[in-house]
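Comments concern the structure below.
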Amino acid sequence: MLFGCQSSSHTHETDLEKTIESKLSDKTATEIDLNEVTDFQWAKAYVFYPYTTDRMINDQLGFSYNDPSNIELRDDITLLILVDRENKVHYAEVERKNRDFLNGEKEGYTPNNAIIKITRNEGG
């Protein structure tokens with residue numbers, strides 16, 4: 001038996017992935033503004049790093065969600081999850097390629113606080 005709110009649906013936002021990748025390909029880019037790269041309404045956004053468990057994701061989201069990206073077993077992506085007011089999940093798998101998002105917002109990002117900083121590793 002599940003308690004609490006469960007996500008009723010999710011959308012793999014491949015267009016968002018392409019837009020983010022395009023912005024990240026500019027090696028001088030130091031941040032991503034989620035308001036500039038999304039074309040849908042969202043209330044909260046979260047960044048999850050490789051090997052994050054489903055339980056950790058669920059704890060952060062505040063409802064039960066079955067992660068289709070399998071980030072718990074991967075080290076090649078950062079998972080970006082955006083949730084709308086009805087708990088519909090929009091997610092993007094962002095390839096790491098010698099760069100990472102700095103998760104400066106442990107409680108999640110909002111449309112009023114939507115800037116994610118980028119860090120680049122040596123050679124990136």
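Please note that chains go A, B, ... in the order of the structure tokens, that every chain numbers its residues from 1, and that ligands are numbered from 1 in the order shown.
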
Would you please give, as an MDAnalysis selection string, all residues of chain A that DSSP assigns to strand (DSSP E or B) based on the backbone?
chainID A and resid 6 10:12 31:33 44:48 64 77:83 89:95 99:102 109:110 113 115:120

What are the closest atom pairs, with distances in Å to one decimal, for each residue of stretch 14-80 of chain A lying within 9 Å of stretch 99-117 of chain A, using only C-alpha atoms, rows by chain and rising residue number, as a tab-separated table?
```
residue	atom	partner	partner_atom	distance
A:Leu24	CA	A:Arg99	CA	8.6
A:Thr30	CA	A:Lys117	CA	5.9
A:Glu31	CA	A:Lys117	CA	4.2
A:Ile32	CA	A:Ile116	CA	5.2
A:Asp33	CA	A:Ile115	CA	4.5
A:Leu34	CA	A:Ala114	CA	5.2
A:Asn35	CA	A:Ala114	CA	6.5
A:Gln41	CA	A:Pro111	CA	9.0
A:Trp42	CA	A:Pro111	CA	7.3
A:Ala43	CA	A:Thr110	CA	5.8
A:Lys44	CA	A:Thr110	CA	4.9
A:Ala45	CA	A:Tyr109	CA	4.8
A:Tyr46	CA	A:Gly108	CA	4.9
A:Val47	CA	A:Asn103	CA	6.3
A:Phe48	CA	A:Asn103	CA	8.4
A:Tyr49	CA	A:Asp100	CA	8.7
A:Gln60	CA	A:Glu107	CA	7.6
A:Leu61	CA	A:Gly108	CA	8.8
A:Ile77	CA	A:Asp100	CA	8.9
A:Thr78	CA	A:Asp100	CA	7.3
```

Using only C-alpha atoms, the best pick from A:Arg74, A:Lys88, A:Arg55, A:Lys27 as closest to A:Thr11 would be A:Lys88

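Nearest residue to A:Pro68 among A:Ala92, A:Met56, A:Leu16, A:Ala29 is A:Ala92, counting only C-alpha atoms.
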
For A:Thr14, work out the shell of residues within 10 Å, counting only C-alpha atoms and skipping chain neighbours fewer than 6 positions away, then give it as a ChimeraX atom specification. /A:20,90-94

Fill in: Minimum-distance residue to A:Leu82, chosen among A:Asp26, A:Thr19, A:Asn121, A:Val37 (using only C-alpha atoms)
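Smallest distance to A:Leu82 is found for A:Val37.
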
Which is closest to A:His10 among A:Asn66, A:Ile118, A:Leu79, A:Glu95, if we use only C-alpha atoms?
->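 Of A:Asn66, A:Ile118, A:Leu79, A:Glu95, the one nearest A:His10 is A:Asn66, counting only C-alpha atoms.
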